[in-house]
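Content type mmCIF, C-alpha atoms, from the file upload19.cif:
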data_protein
#
loop_
_atom_site.label_atom_id
_atom_site.label_comp_id
_atom_site.auth_asym_id
_atom_site.auth_seq_id
_atom_site.Cartn_x
_atom_site.Cartn_y
_atom_site.Cartn_z
CA MET A 1 -58.44 -116.13 210.67
CA GLU A 2 -55.78 -114.97 213.12
CA THR A 3 -52.14 -116.02 212.81
CA VAL A 4 -50.38 -116.82 216.09
CA SER A 5 -46.67 -117.52 216.33
CA ALA A 6 -45.71 -120.30 218.69
CA LEU A 7 -42.44 -121.17 220.36
CA LEU A 8 -41.53 -124.83 219.82
CA ASP A 9 -39.74 -125.65 223.08
CA THR A 10 -38.01 -129.03 223.13
CA GLY A 11 -37.20 -128.55 226.83
CA ALA A 12 -40.80 -127.93 227.93
CA GLU A 13 -42.68 -131.06 229.01
CA VAL A 14 -46.11 -129.48 228.49
CA SER A 15 -47.71 -126.99 226.12
CA VAL A 16 -48.94 -123.68 227.50
CA VAL A 17 -50.91 -120.68 226.29
CA HIS A 18 -51.24 -117.14 227.63
CA GLN A 19 -54.64 -116.46 229.19
CA ASP A 20 -55.31 -113.57 226.78
CA LEU A 21 -55.51 -115.92 223.78
CA ALA A 22 -57.83 -118.32 225.61
CA PHE A 23 -60.10 -115.47 226.74
CA LYS A 24 -60.08 -113.79 223.31
CA HIS A 25 -61.35 -116.96 221.64
CA ASP A 26 -63.68 -117.88 224.50
CA TRP A 27 -62.09 -121.30 225.00
CA LYS A 28 -63.60 -123.46 227.72
CA ILE A 29 -61.33 -123.53 230.75
CA PHE A 30 -61.19 -126.57 232.99
CA LYS A 31 -59.85 -127.11 236.48
CA THR A 32 -56.45 -128.77 236.69
CA ASP A 33 -54.31 -130.06 239.52
CA VAL A 34 -51.15 -129.85 237.44
CA ILE A 35 -48.23 -127.96 238.95
CA VAL A 36 -45.51 -126.78 236.60
CA THR A 37 -42.27 -125.08 237.51
CA GLY A 38 -40.36 -122.75 235.25
CA PRO A 39 -36.60 -122.58 234.72
CA CYS A 40 -36.17 -120.83 238.07
CA GLU A 41 -38.13 -123.65 239.77
CA ASP A 42 -40.92 -121.26 240.74
CA PRO A 43 -44.43 -122.66 240.20
CA LEU A 44 -46.16 -121.07 237.21
CA GLN A 45 -49.54 -119.41 237.77
CA ILE A 46 -51.91 -121.84 236.06
CA ILE A 47 -55.55 -120.80 235.86
CA GLY A 48 -56.72 -124.03 234.21
CA GLU A 49 -56.39 -126.11 231.10
CA THR A 50 -58.11 -126.24 227.75
CA TYR A 51 -58.23 -128.75 224.96
CA VAL A 52 -57.65 -127.77 221.35
CA MET A 53 -57.55 -129.67 218.10
CA ILE A 54 -54.44 -129.00 216.03
CA VAL A 55 -54.54 -129.78 212.32
CA PRO A 56 -51.37 -129.67 210.20
CA LYS A 57 -51.68 -127.52 207.08
CA GLY A 58 -52.47 -129.72 204.12
CA ASP A 59 -54.05 -132.48 206.22
CA ASN A 60 -57.48 -133.15 207.65
CA LEU A 61 -56.63 -135.28 210.70
CA ALA A 62 -56.75 -133.28 213.93
CA THR A 63 -54.94 -134.25 217.13
CA CYS A 64 -56.11 -133.14 220.55
CA THR A 65 -53.58 -131.16 222.56
CA THR A 66 -53.94 -130.07 226.17
CA LEU A 67 -52.85 -126.49 226.81
CA LEU A 68 -52.24 -125.21 230.31
CA ILE A 69 -53.49 -121.63 230.56
CA LEU A 70 -51.04 -119.31 232.31
CA LYS A 71 -51.55 -115.86 233.79
CA LYS A 72 -48.05 -114.81 232.76
CA LEU A 73 -46.17 -116.05 229.72
CA GLU A 74 -43.57 -114.33 227.57
CA TYR A 75 -44.95 -115.96 224.42
CA THR A 76 -48.57 -116.36 223.35
CA LEU A 77 -48.23 -120.09 222.78
CA VAL A 78 -45.50 -122.57 223.70
CA LEU A 79 -45.69 -126.03 222.19
CA GLY A 80 -43.76 -128.45 224.35
CA PHE A 81 -42.49 -131.99 224.09
CA ASP A 82 -46.02 -133.37 224.51
CA PHE A 83 -47.05 -131.65 221.26
CA GLN A 84 -43.92 -132.82 219.47
CA MET A 85 -44.50 -136.46 220.46
CA ASN A 86 -48.25 -136.46 219.70
CA HIS A 87 -47.68 -134.93 216.27
CA LYS A 88 -44.45 -136.82 215.45
CA VAL A 89 -42.67 -133.54 214.78
CA ASP A 90 -39.09 -133.87 213.60
CA ILE A 91 -36.75 -130.93 214.16
CA GLN A 92 -33.72 -130.91 211.90
CA VAL A 93 -30.91 -128.54 212.79
CA THR A 94 -28.25 -127.29 210.41
CA LYS A 95 -25.44 -124.82 211.00
CA ASN A 96 -27.56 -121.65 210.75
CA GLU A 97 -31.20 -122.76 210.77
CA TYR A 98 -33.63 -125.44 211.74
CA PHE A 99 -36.52 -127.10 209.96
CA ILE A 100 -39.73 -128.50 211.38
CA LYS A 101 -41.08 -131.52 209.57
CA GLN A 102 -44.10 -133.66 210.25
CA PRO A 103 -45.37 -136.56 208.15
CA LEU A 104 -49.00 -136.19 207.07
CA ILE A 105 -51.68 -138.78 206.44
CA LYS A 106 -51.56 -137.95 202.72
CA GLY A 107 -47.84 -138.81 202.62
CA SER A 108 -46.50 -135.28 202.25
CA ILE A 109 -44.58 -133.26 204.85
CA ASN A 110 -45.88 -130.32 206.89
CA SER A 111 -43.38 -127.50 207.34
CA GLY A 112 -44.75 -126.16 210.62
CA ASN A 113 -48.09 -124.55 209.73
CA TYR A 114 -51.10 -125.60 211.80
CA LYS A 115 -54.74 -124.71 212.30
CA LEU A 116 -55.90 -124.62 215.90
CA ARG A 117 -59.49 -124.81 217.14
CA PRO A 118 -61.23 -125.58 220.44
CA VAL A 119 -62.66 -129.06 220.91
CA THR A 120 -66.34 -129.62 220.24
CA ASP A 121 -68.66 -130.88 222.98
CA GLN A 122 -68.62 -134.33 221.36
CA GLU A 123 -64.81 -134.40 221.31
CA LEU A 124 -64.79 -133.31 224.96
CA GLN A 125 -66.99 -136.29 225.84
CA LEU A 126 -64.47 -138.59 224.15
CA ILE A 127 -61.59 -136.98 226.08
CA THR A 128 -63.47 -137.45 229.36
CA ALA A 129 -64.25 -141.09 228.51
CA ARG A 130 -60.61 -141.74 227.60
CA LYS A 131 -59.36 -140.24 230.87
CA THR A 132 -61.70 -142.44 232.94
CA SER A 133 -60.92 -145.58 230.90
CA ASN A 134 -57.20 -145.00 231.55
CA GLY A 135 -57.87 -145.24 235.28
CA SER A 136 -57.72 -141.52 235.91
CA LYS A 137 -59.99 -140.46 238.74
CA ALA A 138 -59.82 -136.88 237.53
CA SER A 139 -62.96 -135.57 235.96
CA ILE A 140 -63.25 -132.60 233.67
CA HIS A 141 -65.11 -129.63 235.15
CA GLU A 142 -65.46 -126.28 233.42
CA ILE A 143 -64.62 -123.29 235.60
CA ASN A 144 -65.51 -119.63 235.38
CA VAL A 145 -62.64 -117.16 235.63
#

Please, can you express the file's structure as structure tokens?
Amino acid sequence: METVSALLDTGAEVSVVHQDLAFKHDWKIFKTDVIVTGPCEDPLQIIGETYVMIVPKGDNLATCTTLLILKKLEYTLVLGFDFQMNHKVDIQVTKNEYFIKQPLIKGSINSGNYKLRPVTDQELQLITARKTSNGSKASIHEINV
């Protein structure tokens, strides 16, 4: 199992991953029409999006997270505000440090360790069904890069 450090970015609206990690793990890449600008207001080079299941350490309930795959990214993985809201992550700041806390199904607290895996074909079908039931006309199409 590989350990990947992630930047938890409270100012980022979306979560992103460097293309090298997606290619290394052979994640399915899907077409996206999303346009994201960086701090300099230049559009980021997005090659597609992928869906991963993120499971907090010590829990067994996974939550689907959409990751935009970027050609260039200073960090391997950036978890944005979307991740923080979906996982109910609480960031507590003190004078010299900060703590990441997340309530778990079992009642304990996760301290920021997660397992990440690609979605299964069955989970992908559920994601597609959910997008269409929410009125989205976008369909999910795998692309080759």

Problem set entry | Explicit residue set for the PyMOL selection byres ((chain A and resi 7) around 7), as JSON, numbers by chain | {"A": [5, 6, 8, 9, 77, 78, 79]}

For this session: Would you kindly translate the PyMOL selection byres ((chain A and resi 46) around 12) into the concrete residues it picks from this file, as a count of residues only?
Result: 31

For this session: Show me as a ChimeraX atom specification the residues that reach within 10 Å of (-52.1, -131.3, 223.2), counting all atoms listed in the file and using the file's own coordinates.
Result: /A:14-16,50-54,63-68,79-87

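Atom CA of Leu116 of chain A lies 13.3 Å from atom CA of Gly58 of chain A.
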
For this session: For atom CA of Val119 of chain A and atom CA of Ala62 of chain A, determine how far apart the two atoms are, in Å to one decimal place.
Result: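 For atom CA of Val119 of chain A relative to atom CA of Ala62 of chain A, the distance reads 10.1 Å.
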
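Across the structure, atom CA of Val4 of chain A and atom CA of Asp26 of chain A are spaced 15.8 Å apart.
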
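For the residues A:Ile91, A:Glu2, A:Ile127, A:Asp59, ranking by smallest atom-to-atom distance to His25 of chain A using only C-alpha atoms places A:Glu2 first.
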
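If all atoms listed in the file are the atoms counted, then among A:Phe23, A:Lys131, A:Glu13, A:Arg117 the closest residue to Pro39 of chain A is A:Glu13.
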
Exercise. Looking at only C-alpha atoms, which of A:Thr76, A:Asn60, A:Ser133, A:Asn96 is the one that sits closest to Tyr114 of chain A?
Worked result: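 Checking each of A:Thr76, A:Asn60, A:Ser133, A:Asn96 against Tyr114 of chain A, counting only C-alpha atoms, the winner is A:Asn60.
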